[in-house]
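**Student:** My file is model_37.tsv. It has TSV, C-alpha atoms:
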chain	number	residue	atom	x	y	z
X	1	MET	CA	98.50	80.57	133.32
X	2	GLN	CA	101.88	81.77	132.03
X	3	PRO	CA	104.86	79.48	131.41
X	4	GLU	CA	107.48	79.48	134.10
X	5	GLY	CA	110.59	81.64	133.76
X	6	ARG	CA	113.76	80.49	132.06
X	7	SER	CA	115.85	77.92	133.86
X	8	ALA	CA	119.16	79.12	135.24
X	9	LYS	CA	120.71	75.77	134.35
X	10	SER	CA	123.67	76.19	131.98
X	11	HIS	CA	125.29	73.85	129.49
X	12	ALA	CA	127.71	76.26	127.81
X	13	LYS	CA	130.08	73.46	126.89
X	14	LEU	CA	127.42	71.97	124.55
X	15	VAL	CA	126.27	75.00	122.59
X	16	THR	CA	128.67	74.52	119.66
X	17	PRO	CA	126.87	72.53	116.93
X	18	VAL	CA	128.32	69.09	116.31
X	19	HIS	CA	128.10	68.04	112.68
X	20	ALA	CA	126.86	64.67	111.49
X	21	THR	CA	126.60	63.32	107.97
X	22	LEU	CA	123.52	64.09	105.88
X	23	GLY	CA	123.24	60.51	104.76
X	24	SER	CA	119.84	60.75	103.09
X	25	GLN	CA	117.54	63.36	101.65
X	26	PRO	CA	114.04	63.95	103.04
X	27	PRO	CA	110.88	63.75	100.92
X	28	LEU	CA	110.61	66.43	98.22
X	29	SER	CA	107.52	68.53	97.54
X	30	LEU	CA	106.82	71.09	94.83
X	31	TYR	CA	105.22	74.44	95.62
X	32	VAL	CA	103.85	76.51	92.72
X	33	HIS	CA	102.86	80.13	93.30
X	34	VAL	CA	100.09	81.80	91.30
X	35	PRO	CA	100.28	85.46	92.38
X	36	TRP	CA	97.03	86.99	91.14
X	37	CYS	CA	93.72	87.48	92.89
X	38	VAL	CA	90.59	89.46	92.10
X	39	ARG	CA	91.13	91.76	95.06
X	40	LYS	CA	93.77	91.96	97.79
X	41	CYS	CA	92.25	91.16	101.20
X	42	PRO	CA	93.13	93.62	104.00
X	43	TYR	CA	94.51	90.87	106.28
X	44	CYS	CA	96.64	89.14	103.63
X	45	ASP	CA	100.45	89.30	103.77
X	46	PHE	CA	101.03	86.72	101.03
X	47	ASN	CA	102.62	87.64	97.72
X	48	SER	CA	99.30	88.32	96.01
X	49	HIS	CA	98.45	91.02	93.49
X	50	ALA	CA	95.05	92.29	92.40
X	51	LEU	CA	94.57	91.41	88.75
X	52	SER	CA	94.11	94.31	86.35
X	53	GLY	CA	93.17	93.27	82.88
X	54	GLU	CA	93.41	89.80	81.40
X	55	LEU	CA	95.30	87.04	83.20
X	56	PRO	CA	98.61	86.46	81.31
X	57	GLU	CA	98.30	82.68	81.39
X	58	GLN	CA	100.66	81.74	78.58
X	59	GLN	CA	103.33	84.22	79.62
X	60	TYR	CA	103.06	82.88	83.17
X	61	LEU	CA	103.30	79.25	82.06
X	62	ALA	CA	106.32	79.98	79.84
X	63	ALA	CA	108.09	81.67	82.75
X	64	LEU	CA	107.10	78.81	85.06
X	65	ARG	CA	108.65	76.32	82.64
X	66	ALA	CA	111.86	78.37	82.52
X	67	ASP	CA	111.91	78.63	86.33
X	68	LEU	CA	111.52	74.86	86.65
X	69	GLU	CA	114.12	74.08	83.96
X	70	GLN	CA	116.74	76.12	85.81
X	71	ALA	CA	115.96	74.34	89.08
X	72	LEU	CA	116.11	70.81	87.64
X	73	PRO	CA	119.84	70.24	88.35
X	74	LEU	CA	119.10	70.80	92.05
X	75	VAL	CA	116.48	68.02	92.25
X	76	TRP	CA	117.47	65.73	89.38
X	77	GLY	CA	116.38	62.12	89.99
X	78	ARG	CA	114.47	62.88	93.18
X	79	GLN	CA	110.85	61.81	93.51
X	80	VAL	CA	108.20	64.46	94.13
X	81	VAL	CA	105.68	63.28	96.72
X	82	THR	CA	103.29	66.26	96.77
X	83	ILE	CA	102.42	69.31	94.66
X	84	PHE	CA	100.70	72.39	96.05
X	85	ILE	CA	99.41	75.12	93.73
X	86	GLY	CA	98.87	78.14	95.94
X	87	GLY	CA	98.44	81.86	95.73
X	88	GLY	CA	96.93	84.31	95.23
X	89	THR	CA	94.00	82.55	93.63
X	90	PRO	CA	95.08	79.61	91.45
X	91	SER	CA	91.44	78.94	90.54
X	92	LEU	CA	91.61	82.04	88.33
X	93	LEU	CA	93.60	79.88	85.89
X	94	SER	CA	91.66	78.13	83.17
X	95	ALA	CA	91.30	74.37	83.13
X	96	ALA	CA	93.55	74.30	80.05
X	97	ALA	CA	96.28	76.22	81.91
X	98	ILE	CA	96.22	73.80	84.86
X	99	ASP	CA	96.33	70.90	82.42
X	100	GLN	CA	99.39	72.40	80.69
X	101	MET	CA	101.03	73.04	84.05
X	102	LEU	CA	100.61	69.48	85.34
X	103	ALA	CA	101.66	68.01	82.00
X	104	MET	CA	104.84	70.10	82.23
X	105	PHE	CA	105.56	68.78	85.72
X	106	ARG	CA	105.11	65.18	84.58
X	107	LEU	CA	107.52	65.79	81.69
X	108	TYR	CA	110.28	67.27	83.85
X	109	LEU	CA	109.85	65.64	87.24
X	110	ASN	CA	109.65	62.18	88.75
X	111	ILE	CA	106.24	62.48	90.38
X	112	LEU	CA	104.97	59.76	92.72
X	113	PRO	CA	102.03	57.98	91.01
X	114	ASP	CA	99.71	58.70	93.95
X	115	ALA	CA	101.14	62.14	94.72
X	116	GLU	CA	98.86	64.51	96.57
X	117	ILE	CA	98.13	67.42	94.20
X	118	THR	CA	96.38	70.34	95.91
X	119	LEU	CA	94.95	73.45	94.29
X	120	GLU	CA	93.81	76.46	96.33
X	121	ALA	CA	90.55	78.08	95.28
X	122	ASN	CA	88.50	81.13	96.15
X	123	PRO	CA	84.72	80.46	96.25
X	124	GLY	CA	84.15	83.62	94.22
X	125	THR	CA	86.03	82.11	91.27
X	126	VAL	CA	84.60	78.57	91.37
X	127	GLU	CA	82.99	77.05	88.28
X	128	ALA	CA	81.61	73.52	88.35
X	129	GLY	CA	82.89	72.57	84.90
X	130	ARG	CA	86.33	74.00	85.56
X	131	PHE	CA	86.72	72.06	88.84
X	132	ALA	CA	85.79	68.80	87.12
X	133	GLU	CA	88.43	69.49	84.47
X	134	TYR	CA	91.04	70.32	87.13
X	135	ALA	CA	90.36	66.87	88.55
X	136	ARG	CA	90.71	65.20	85.15
X	137	SER	CA	94.11	66.89	84.79
X	138	GLY	CA	95.30	65.34	88.05
X	139	VAL	CA	94.26	67.68	90.87
X	140	ASN	CA	93.06	65.38	93.66
X	141	ARG	CA	92.73	67.80	96.58
X	142	ILE	CA	91.10	71.25	96.70
X	143	SER	CA	91.60	73.79	99.47
X	144	LEU	CA	88.83	76.39	99.64
X	145	GLY	CA	89.37	79.78	101.25
X	146	ILE	CA	85.95	80.06	102.89
X	147	GLN	CA	87.00	82.11	105.98
X	148	SER	CA	83.40	82.58	107.20
X	149	PHE	CA	79.78	81.82	106.35
X	150	ASN	CA	78.66	85.20	107.67
X	151	ASP	CA	78.14	87.79	104.94
X	152	GLN	CA	78.96	90.70	107.25
X	153	ALA	CA	82.21	89.06	108.34
X	154	LEU	CA	83.14	88.26	104.73
X	155	LYS	CA	82.61	91.89	103.79
X	156	ALA	CA	84.81	93.02	106.71
X	157	LEU	CA	87.51	90.61	105.53
X	158	GLY	CA	87.36	92.00	101.98
X	159	ARG	CA	86.33	88.67	100.47
X	160	ILE	CA	84.69	88.69	97.03
X	161	HIS	CA	82.26	85.84	97.80
X	162	ASP	CA	79.21	85.56	100.04
X	163	ALA	CA	77.96	82.68	102.21
X	164	LYS	CA	75.75	81.28	99.44
X	165	GLN	CA	78.70	81.12	97.04
X	166	ALA	CA	80.84	79.51	99.74
X	167	CYS	CA	78.33	76.69	100.24
X	168	ALA	CA	77.97	76.16	96.49
X	169	ALA	CA	81.75	76.06	96.04
X	170	ILE	CA	82.11	73.36	98.70
X	171	GLU	CA	79.51	71.17	97.02
X	172	ILE	CA	81.16	71.66	93.62
X	173	ALA	CA	84.58	70.77	95.02
X	174	GLN	CA	83.26	67.66	96.76
X	175	LYS	CA	81.77	66.41	93.49
X	176	ALA	CA	85.04	67.06	91.63
X	177	VAL	CA	87.56	65.49	94.02
X	178	GLY	CA	87.55	63.18	97.01
X	179	ARG	CA	89.70	65.39	99.22
X	180	VAL	CA	88.56	68.87	100.25
X	181	ASN	CA	89.92	71.28	102.86
X	182	LEU	CA	88.08	74.32	104.20
X	183	ASP	CA	90.00	77.34	105.46
X	184	ILE	CA	88.02	79.04	108.24
X	185	MET	CA	89.08	82.03	110.36
X	186	PHE	CA	87.99	82.91	113.88
X	187	ALA	CA	88.38	85.93	116.18
X	188	LEU	CA	87.05	88.01	113.29
X	189	PRO	CA	86.06	91.68	113.58
X	190	SER	CA	83.12	91.96	116.01
X	191	GLN	CA	82.72	88.15	116.09
X	192	SER	CA	81.04	86.63	119.16
X	193	LEU	CA	81.49	83.12	120.52
X	194	ASP	CA	78.05	82.22	119.14
X	195	GLY	CA	79.02	83.63	115.74
X	196	CYS	CA	82.17	81.52	115.73
X	197	ARG	CA	80.12	78.47	116.73
X	198	ARG	CA	77.69	79.05	113.84
X	199	ASP	CA	80.58	79.27	111.37
X	200	LEU	CA	82.09	76.07	112.71
X	201	ARG	CA	78.78	74.18	112.65
X	202	GLN	CA	78.26	75.20	109.03
X	203	ALA	CA	81.76	74.00	108.14
X	204	ILE	CA	81.29	70.73	110.01
X	205	SER	CA	77.97	70.09	108.25
X	206	PHE	CA	79.79	69.48	104.96
X	207	ASN	CA	81.89	66.73	106.57
X	208	THR	CA	84.99	67.47	104.50
X	209	GLU	CA	88.07	65.42	105.32
X	210	HIS	CA	90.14	68.40	106.48
X	211	LEU	CA	89.62	71.74	108.22
X	212	SER	CA	92.16	74.53	108.64
X	213	LEU	CA	91.01	76.82	111.45
X	214	TYR	CA	93.05	79.99	111.82
X	215	HIS	CA	93.08	82.80	114.33
X	216	LEU	CA	92.91	86.12	112.44
X	217	THR	CA	96.18	87.97	113.00
X	218	MET	CA	97.23	91.51	112.14
X	219	GLU	CA	100.26	90.86	109.96
X	220	PRO	CA	102.77	93.65	109.25
X	221	ASN	CA	102.44	95.56	105.98
X	222	THR	CA	98.73	94.83	105.60
X	223	VAL	CA	95.74	97.16	105.60
X	224	PHE	CA	94.56	95.64	108.90
X	225	ALA	CA	97.95	96.38	110.47
X	226	LYS	CA	97.62	100.02	109.49
X	227	PHE	CA	93.90	100.30	110.28
X	228	PRO	CA	93.19	97.51	112.79
X	229	PRO	CA	89.53	96.56	113.17
X	230	ALA	CA	87.92	95.82	116.55
X	231	VAL	CA	88.46	92.11	117.20
X	232	PRO	CA	87.67	89.82	120.16
X	233	ASP	CA	90.03	90.09	123.13
X	234	ASP	CA	92.43	87.30	124.09
X	235	ASP	CA	90.01	85.66	126.54
X	236	SER	CA	87.21	85.61	123.96
X	237	ALA	CA	89.54	84.20	121.29
X	238	ALA	CA	90.72	81.52	123.74
X	239	ALA	CA	87.10	80.56	124.42
X	240	MET	CA	86.58	80.22	120.67
X	241	GLN	CA	89.66	78.01	120.39
X	242	ASP	CA	88.42	75.76	123.23
X	243	MET	CA	85.01	75.46	121.59
X	244	ILE	CA	86.62	74.60	118.25
X	245	ALA	CA	88.77	71.89	119.85
X	246	GLU	CA	85.72	70.35	121.54
X	247	GLN	CA	83.41	70.44	118.54
X	248	THR	CA	85.93	69.14	116.01
X	249	THR	CA	86.81	66.23	118.29
X	250	LEU	CA	83.12	65.34	118.63
X	251	GLY	CA	82.79	65.51	114.85
X	252	GLY	CA	85.66	63.09	114.23
X	253	TRP	CA	88.47	65.48	113.29
X	254	GLU	CA	91.84	65.14	114.97
X	255	ARG	CA	93.81	68.31	115.66
X	256	TYR	CA	97.25	67.20	114.51
X	257	GLU	CA	98.85	70.63	114.04
X	258	VAL	CA	98.24	74.07	115.54
X	259	SER	CA	95.62	75.03	112.92
X	260	ALA	CA	94.97	71.72	111.14
X	261	TYR	CA	92.21	69.19	111.81
X	262	ALA	CA	91.82	65.97	109.82
X	263	LYS	CA	89.65	62.90	109.55
X	264	ALA	CA	91.38	59.51	109.77
X	265	ASN	CA	94.19	59.18	107.18
X	266	ALA	CA	93.38	62.60	105.73
X	267	ARG	CA	96.23	64.79	106.97
X	268	CYS	CA	97.64	67.19	104.40
X	269	ARG	CA	100.77	65.40	103.20
X	270	HIS	CA	102.23	68.53	101.65
X	271	ASN	CA	102.05	70.58	104.83
X	272	LEU	CA	103.23	67.62	106.90
X	273	ASN	CA	106.39	67.59	104.80
X	274	TYR	CA	106.97	71.24	105.72
X	275	TRP	CA	106.36	70.62	109.41
X	276	GLU	CA	108.59	67.54	109.47
X	277	PHE	CA	111.41	69.62	107.94
X	278	GLY	CA	111.21	67.98	104.55
X	279	ASP	CA	112.40	69.54	101.28
X	280	TYR	CA	110.39	71.64	98.86
X	281	LEU	CA	111.18	73.29	95.56
X	282	GLY	CA	109.41	76.60	95.08
X	283	ILE	CA	108.65	77.97	91.62
X	284	GLY	CA	106.70	81.04	90.59
X	285	PRO	CA	106.94	84.67	91.73
X	286	GLY	CA	107.89	84.97	95.39
X	287	ALA	CA	108.04	81.19	95.89
X	288	HIS	CA	110.37	79.93	98.60
X	289	GLY	CA	112.14	76.60	98.81
X	290	LYS	CA	114.40	74.44	100.99
X	291	LEU	CA	116.67	71.74	99.57
X	292	THR	CA	119.00	69.24	101.23
X	293	PHE	CA	122.34	68.12	99.77
X	294	HIS	CA	124.97	65.76	101.18
X	295	ASP	CA	126.93	68.61	102.74
X	296	LYS	CA	124.46	71.47	103.19
X	297	ILE	CA	120.88	72.71	103.35
X	298	THR	CA	119.94	75.66	101.14
X	299	ARG	CA	117.05	78.07	100.91
X	300	HIS	CA	115.93	79.97	97.84
X	301	ALA	CA	113.34	82.61	96.94
X	302	LYS	CA	112.20	83.94	93.58
X	303	LEU	CA	111.52	87.55	92.59
X	304	LYS	CA	108.23	88.63	94.15
X	305	ASN	CA	106.91	90.97	91.50
X	306	PRO	CA	105.05	88.90	88.87
X	307	VAL	CA	106.05	91.16	85.99
X	308	SER	CA	109.74	91.13	86.97
X	309	TRP	CA	109.69	87.37	87.51
X	310	MET	CA	108.05	86.77	84.10
X	311	GLU	CA	110.65	89.01	82.45
X	312	HIS	CA	113.68	87.43	84.12
X	313	ALA	CA	112.88	83.70	84.32
X	314	PRO	CA	112.92	83.14	80.50
X	315	ARG	CA	116.43	84.64	80.30
X	316	LEU	CA	117.72	81.37	81.79
X	317	ASP	CA	120.50	83.22	83.64
X	318	GLY	CA	119.26	82.89	87.22
X	319	SER	CA	118.26	86.54	87.41
X	320	HIS	CA	114.76	85.51	88.54
X	321	ILE	CA	116.24	84.29	91.84
X	322	ALA	CA	115.96	86.86	94.62
X	323	GLU	CA	117.84	84.84	97.24
X	324	GLU	CA	119.85	81.64	97.41
X	325	ARG	CA	121.86	80.78	100.52
X	326	THR	CA	123.18	77.98	102.66
X	327	VAL	CA	121.48	77.68	106.04
X	328	GLY	CA	124.06	78.07	108.78
X	329	ALA	CA	124.53	75.39	111.43
X	330	ASP	CA	123.60	77.99	114.06
X	331	GLU	CA	120.18	78.44	112.37
X	332	LEU	CA	119.21	74.83	111.80
X	333	GLY	CA	118.18	73.97	115.36
X	334	PHE	CA	115.69	76.82	115.48
X	335	GLU	CA	114.39	76.20	111.95
X	336	PHE	CA	113.83	72.51	112.71
X	337	MET	CA	112.05	73.15	116.00
X	338	LEU	CA	110.04	76.07	114.58
X	339	ASN	CA	108.35	73.55	112.30
X	340	VAL	CA	108.18	70.22	114.14
X	341	LEU	CA	106.87	71.62	117.42
X	342	ARG	CA	103.73	72.76	115.58
X	343	LEU	CA	102.78	69.07	115.36
X	344	LYS	CA	100.70	67.83	118.28
X	345	ASN	CA	102.66	64.58	118.51
X	346	GLY	CA	106.01	66.13	117.62
X	347	VAL	CA	108.66	64.01	115.92
X	348	ALA	CA	111.17	61.34	116.82
X	349	ALA	CA	114.36	62.86	118.28
X	350	SER	CA	116.40	60.88	115.76
X	351	SER	CA	114.88	62.95	112.93
X	352	PHE	CA	116.84	65.99	114.12
X	353	THR	CA	120.15	64.47	113.02
X	354	GLU	CA	118.57	62.94	109.90
X	355	ARG	CA	117.13	66.27	108.74
X	356	THR	CA	119.79	68.77	109.89
X	357	GLY	CA	123.09	66.87	109.85
X	358	LEU	CA	123.72	68.00	113.44
X	359	SER	CA	124.05	66.10	116.67
X	360	VAL	CA	121.26	66.57	119.19
X	361	LEU	CA	123.99	67.92	121.47
X	362	ALA	CA	123.75	71.13	119.45
X	363	ILE	CA	120.37	71.92	121.01
X	364	ALA	CA	120.81	70.21	124.39
X	365	PRO	CA	120.89	73.48	126.41
X	366	ALA	CA	117.64	74.66	124.81
X	367	ILE	CA	116.02	71.26	125.39
X	368	ASP	CA	116.95	71.40	129.08
X	369	ARG	CA	115.55	74.91	129.46
X	370	ALA	CA	112.29	74.03	127.70
X	371	VAL	CA	111.82	70.88	129.79
X	372	ALA	CA	112.55	72.81	133.00
X	373	ARG	CA	109.89	75.38	132.07
X	374	GLY	CA	107.33	72.64	131.45
X	375	LEU	CA	107.07	73.49	127.76
X	376	LEU	CA	108.68	70.35	126.29
X	377	GLU	CA	108.11	66.70	127.19
X	378	SER	CA	111.08	65.10	128.96
X	379	ASP	CA	111.01	61.99	126.71
X	380	PRO	CA	114.55	61.79	125.24
X	381	THR	CA	113.30	59.83	122.22
X	382	ARG	CA	110.77	62.42	121.05
X	383	PHE	CA	110.47	66.17	120.65
X	384	LYS	CA	106.92	67.03	121.68
X	385	ALA	CA	105.41	70.11	123.26
X	386	THR	CA	103.53	69.71	126.51
X	387	ALA	CA	99.97	71.04	126.71
X	388	LEU	CA	101.44	74.22	128.19
X	389	GLY	CA	104.12	74.37	125.50
X	390	TRP	CA	101.52	74.11	122.76
X	391	GLN	CA	99.51	76.86	124.43
X	392	PHE	CA	102.61	79.09	124.51
X	393	LEU	CA	104.26	77.81	121.35
X	394	ASN	CA	106.16	81.01	120.60
X	395	ASP	CA	107.84	80.84	124.02
X	396	LEU	CA	108.84	77.23	123.36
X	397	GLN	CA	110.16	77.90	119.86
X	398	GLU	CA	112.18	80.90	121.02
X	399	GLU	CA	114.19	78.68	123.35
X	400	PHE	CA	115.91	77.32	120.24
X	401	LEU	CA	117.01	80.67	118.84
X	402	ALA	CA	120.81	80.69	118.67
Represent the structure from my file as structure tokens, please.
**Tutor:**
Amino acid sequence: MQPEGRSAKSHAKLVTPVHATLGSQPPLSLYVHVPWCVRKCPYCDFNSHALSGELPEQQYLAALRADLEQALPLVWGRQVVTIFIGGGTPSLLSAAAIDQMLAMFRLYLNILPDAEITLEANPGTVEAGRFAEYARSGVNRISLGIQSFNDQALKALGRIHDAKQACAAIEIAQKAVGRVNLDIMFALPSQSLDGCRRDLRQAISFNTEHLSLYHLTMEPNTVFAKFPPAVPDDDSAAAMQDMIAEQTTLGGWERYEVSAYAKANARCRHNLNYWEFGDYLGIGPGAHGKLTFHDKITRHAKLKNPVSWMEHAPRLDGSHIAEERTVGADELGFEFMLNVLRLKNGVAASSFTERTGLSVLAIAPAIDRAVARGLLESDPTRFKATALGWQFLNDLQEEFLA
């Protein structure tokens, strides 16, 4: 079933954004980008670079310190509620490097005592001793890029690990920390519904607190975009999604976001802050950030090339910053809805003004259109997609484009 066509109802007199005061700042997270991996996967569009030679740990950490020092005036005095070390493959870093990194953050930042600290890891780089040391340094959540438990599928995806290594990595992570997430993909090249079910059953058998279940997509500027493999058609992928929803519910995971499933009280706090339009400081090559001030919301991005970033950050002149801009009032409605509508239960309508500094009147025409199309709940106190709206999320989000 397709969503109904756009409503002809017009509210032209309300389209001009109405400003409100940004009276408080949202929670602040820290994102740290580690750009290197053993091999670039053909589906990956992240800022990741195949490592050639020895990992330049100390040069990277020195540049990271310089990057953070220059950002401190923007977040001075604010409490950091979550830290996410992503990549690339952060688990290529030694235990000593992670320890230095977290010690640096504690020195410069006001970190919540029970902050969620996540580190991404590739099963092909997992070492039991190293994971235990990560935990002693303060990492309390590990996200493992499993993708599949099928060796043929892993080979097609360009992964460096096999199913046996994936299972071993999960067990090592569970012994090291209490909180573990598994990244699993579906609609893989030549994957059948039964193959997807076997992958899911294997993932469920470990009973981790969190699962991230992604539909494989052909992102621009990737090898798969240029040489697309044969993948399941839309109907087959939809059947996989339905099966996943059923099996995860039976297993005790709640689907709280488009691709995120969690046990009770185990939602990823870092990603929730993104989806609820919170703030995040991004450091490291290619890292992006969003920060709220009393009179504006800004976005920033760092130089993507690791070598260039490591050369420029220590100069302490801001030349490591690729972009820094104020988000226009005409963009905020879409940016807010792009994130919050990914959440199954949406957000309170009042959070729109709290997080954007705009009156809800600024998006009233789009709200009316989305409600008329059956994509958005009609509850005036909450922004929440209907079942149809969640199924056709892109259509719903596009209603809020200025």
**Student:** Go ahead and compute the interatomic distance for atom CA of Gln174 of chain X and atom CA of Ile142 of chain X, in Å to one decimal.
**Tutor:**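 The value is 8.6 Å.
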**Student:** Restricting the calculation to only C-alpha atoms: of X:Val177, X:Thr222, X:Leu213, X:Gly145, which residue gets closest to Lys40 of chain X?
**Tutor:**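 So, comparing all the options, the nearest one is X:Thr222.
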**Student:** What lies within 9 Å of segment 265-274 of chain X using all atoms listed in the file, ignoring chain neighbours under 5 positions off, as a tab-separated table (two decimals) with C-alpha atoms, in the coordinates of the input?
**Tutor:**
chain	number	residue	atom	x	y	z
X	26	PRO	CA	114.04	63.95	103.04
X	27	PRO	CA	110.88	63.75	100.92
X	28	LEU	CA	110.61	66.43	98.22
X	29	SER	CA	107.52	68.53	97.54
X	30	LEU	CA	106.82	71.09	94.83
X	31	TYR	CA	105.22	74.44	95.62
X	81	VAL	CA	105.68	63.28	96.72
X	82	THR	CA	103.29	66.26	96.77
X	83	ILE	CA	102.42	69.31	94.66
X	84	PHE	CA	100.70	72.39	96.05
X	116	GLU	CA	98.86	64.51	96.57
X	117	ILE	CA	98.13	67.42	94.20
X	118	THR	CA	96.38	70.34	95.91
X	179	ARG	CA	89.70	65.39	99.22
X	181	ASN	CA	89.92	71.28	102.86
X	209	GLU	CA	88.07	65.42	105.32
X	210	HIS	CA	90.14	68.40	106.48
X	256	TYR	CA	97.25	67.20	114.51
X	257	GLU	CA	98.85	70.63	114.04
X	260	ALA	CA	94.97	71.72	111.14
X	279	ASP	CA	112.40	69.54	101.28
X	280	TYR	CA	110.39	71.64	98.86
X	339	ASN	CA	108.35	73.55	112.30
X	340	VAL	CA	108.18	70.22	114.14
X	343	LEU	CA	102.78	69.07	115.36
**Student:** Would you work out the distance separating atom CA of Glu254 of chain X from atom CA of Arg201 of chain X, expressed in Å to one decimal?
**Tutor:**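 Atom-to-atom, atom CA of Glu254 of chain X to atom CA of Arg201 of chain X, that is 16.1 Å.
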**Student:** Which residue gives the smallest distance to Ser48 of chain X among X:Ser148, X:Ser319, X:Thr248, X:Thr89, with all atoms listed in the file counted?
**Tutor:** X:Thr89
**Student:** Closest to Tyr43 of chain X among X:Glu133, X:Glu219, X:Asp183, X:Glu335, using all atoms listed in the file?
**Tutor:** X:Glu219
**Student:** Using only C-alpha atoms, can you tell me which of X:Pro189, X:Pro123, X:Pro73, X:Gly158 comes closest to Ile170 of chain X?
**Tutor:** X:Pro123
**Student:** Can you work out which one of X:Ile367, X:Val126, X:Leu250, X:Val231 has the shortest atom-to-atom distance to Lys384 of chain X, counting only C-alpha atoms?
**Tutor:** X:Ile367
**Student:** So which one's closest to Pro285 of chain X, X:Gln202, X:Ser351, X:Asn47, X:Gln165? Using all atoms listed in the file, please.
**Tutor:** X:Asn47
**Student:** Give me the residues within 9 Å of Ala153 of chain X as a list in words, counting only C-alpha atoms and dropping any in the same chain fewer than 3 places off.
**Tutor:**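 Listing them by chain and then by number gives Gln147, Ser148, Phe149, Asn150, Ala156, Leu157, Gly158, Arg159, Leu188, Pro189, Ser190 and Gln191 of chain X.
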**Student:** Please work out which residues fall within 8 Å of (103.7, 85.5, 95.0), coordinates as given in the file, with only C-alpha atoms counting, and return them as a short mmCIF file (atom, residue, chain, number, x, y, z; two decimals) with C-alpha atoms, keeping the file's coordinate frame.
**Tutor:**
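Printed below is part06.cif as written:
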data_model
loop_
_atom_site.label_atom_id
_atom_site.label_comp_id
_atom_site.auth_asym_id
_atom_site.auth_seq_id
_atom_site.Cartn_x
_atom_site.Cartn_y
_atom_site.Cartn_z
CA HIS X 33 102.86 80.13 93.30
CA VAL X 34 100.09 81.80 91.30
CA PRO X 35 100.28 85.46 92.38
CA TRP X 36 97.03 86.99 91.14
CA PHE X 46 101.03 86.72 101.03
CA ASN X 47 102.62 87.64 97.72
CA SER X 48 99.30 88.32 96.01
CA HIS X 49 98.45 91.02 93.49
CA GLY X 87 98.44 81.86 95.73
CA GLY X 88 96.93 84.31 95.23
CA GLY X 284 106.70 81.04 90.59
CA PRO X 285 106.94 84.67 91.73
CA GLY X 286 107.89 84.97 95.39
CA ALA X 287 108.04 81.19 95.89
CA LYS X 304 108.23 88.63 94.15
CA ASN X 305 106.91 90.97 91.50
CA PRO X 306 105.05 88.90 88.87
#
**Student:** Would you kindly return, as a ChimeraX atom specification, each protein, DNA or RNA residue with an atom no farther than 10 Å from any atom of His215 of chain X, considering all atoms listed in the file and excluding same-chain residues fewer than 5 positions away?
**Tutor:** /X:184-188,237-238,240-241,259
**Student:** If you measure from atom CA of Phe277 of chain X to atom CA of Thr217 of chain X, what distance in Å do you get, rounded to one decimal?
**Tutor:**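 Atom-to-atom, atom CA of Phe277 of chain X to atom CA of Thr217 of chain X, that is 24.4 Å.
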**Student:** May I have the residues within 8 Å of Thr298 of chain X as a list of chain:residue names, using all atoms listed in the file and disregarding those fewer than 4 positions away in the same chain?
**Tutor:**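 These residues fall inside the cut-off: X:Lys290, X:Leu291, X:Thr292, X:Glu324, X:Arg325, X:Thr326, X:Val327.
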**Student:** Using all atoms listed in the file and a cutoff of 8 Å, can you tell me which residues are near (86.0, 64.2, 89.9) in the file's coordinates, and write them out as an mmCIF file with C-alpha atoms, in the coordinates of the input?
**Tutor:**
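Output saved as selection28.cif:
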data_model
loop_
_atom_site.group_PDB
_atom_site.id
_atom_site.type_symbol
_atom_site.label_atom_id
_atom_site.label_comp_id
_atom_site.auth_asym_id
_atom_site.auth_seq_id
_atom_site.Cartn_x
_atom_site.Cartn_y
_atom_site.Cartn_z
ATOM 1 C CA PHE X 131 86.720 72.060 88.840
ATOM 2 C CA ALA X 132 85.790 68.800 87.120
ATOM 3 C CA GLU X 133 88.430 69.490 84.470
ATOM 4 C CA ALA X 135 90.360 66.870 88.550
ATOM 5 C CA ARG X 136 90.710 65.200 85.150
ATOM 6 C CA LYS X 175 81.770 66.410 93.490
ATOM 7 C CA ALA X 176 85.040 67.060 91.630
ATOM 8 C CA VAL X 177 87.560 65.490 94.020
ATOM 9 C CA GLY X 178 87.550 63.180 97.010
#
**Student:** Tell me, as a ChimeraX atom specification, which residues lie within 9 Å of Leu93 of chain X, counting all atoms listed in the file; anything in the same chain fewer than 3 positions away does not count.
**Tutor:** /X:34,55,57,89-90,96-98
**Student:** Please produce an output containing C-alpha atoms for each residue in the selection, written as a CSV table (one decimal), in the coordinates of the input.
**Tutor:**
chain,number,residue,atom,x,y,z
X,34,VAL,CA,100.1,81.8,91.3
X,55,LEU,CA,95.3,87.0,83.2
X,57,GLU,CA,98.3,82.7,81.4
X,89,THR,CA,94.0,82.6,93.6
X,90,PRO,CA,95.1,79.6,91.4
X,96,ALA,CA,93.6,74.3,80.0
X,97,ALA,CA,96.3,76.2,81.9
X,98,ILE,CA,96.2,73.8,84.9
**Student:** Using all atoms of segment 268-282 of chain X listed in the file and a margin of 4 Å per side, can you give the axis-aligned box centre and edge lengths in Å to one decimal, as lines of an AutoDock Vina configuration file?
**Tutor:**
center_x = 105.0
center_y = 71.0
center_z = 102.3
size_x = 22.8
size_y = 19.2
size_z = 22.4
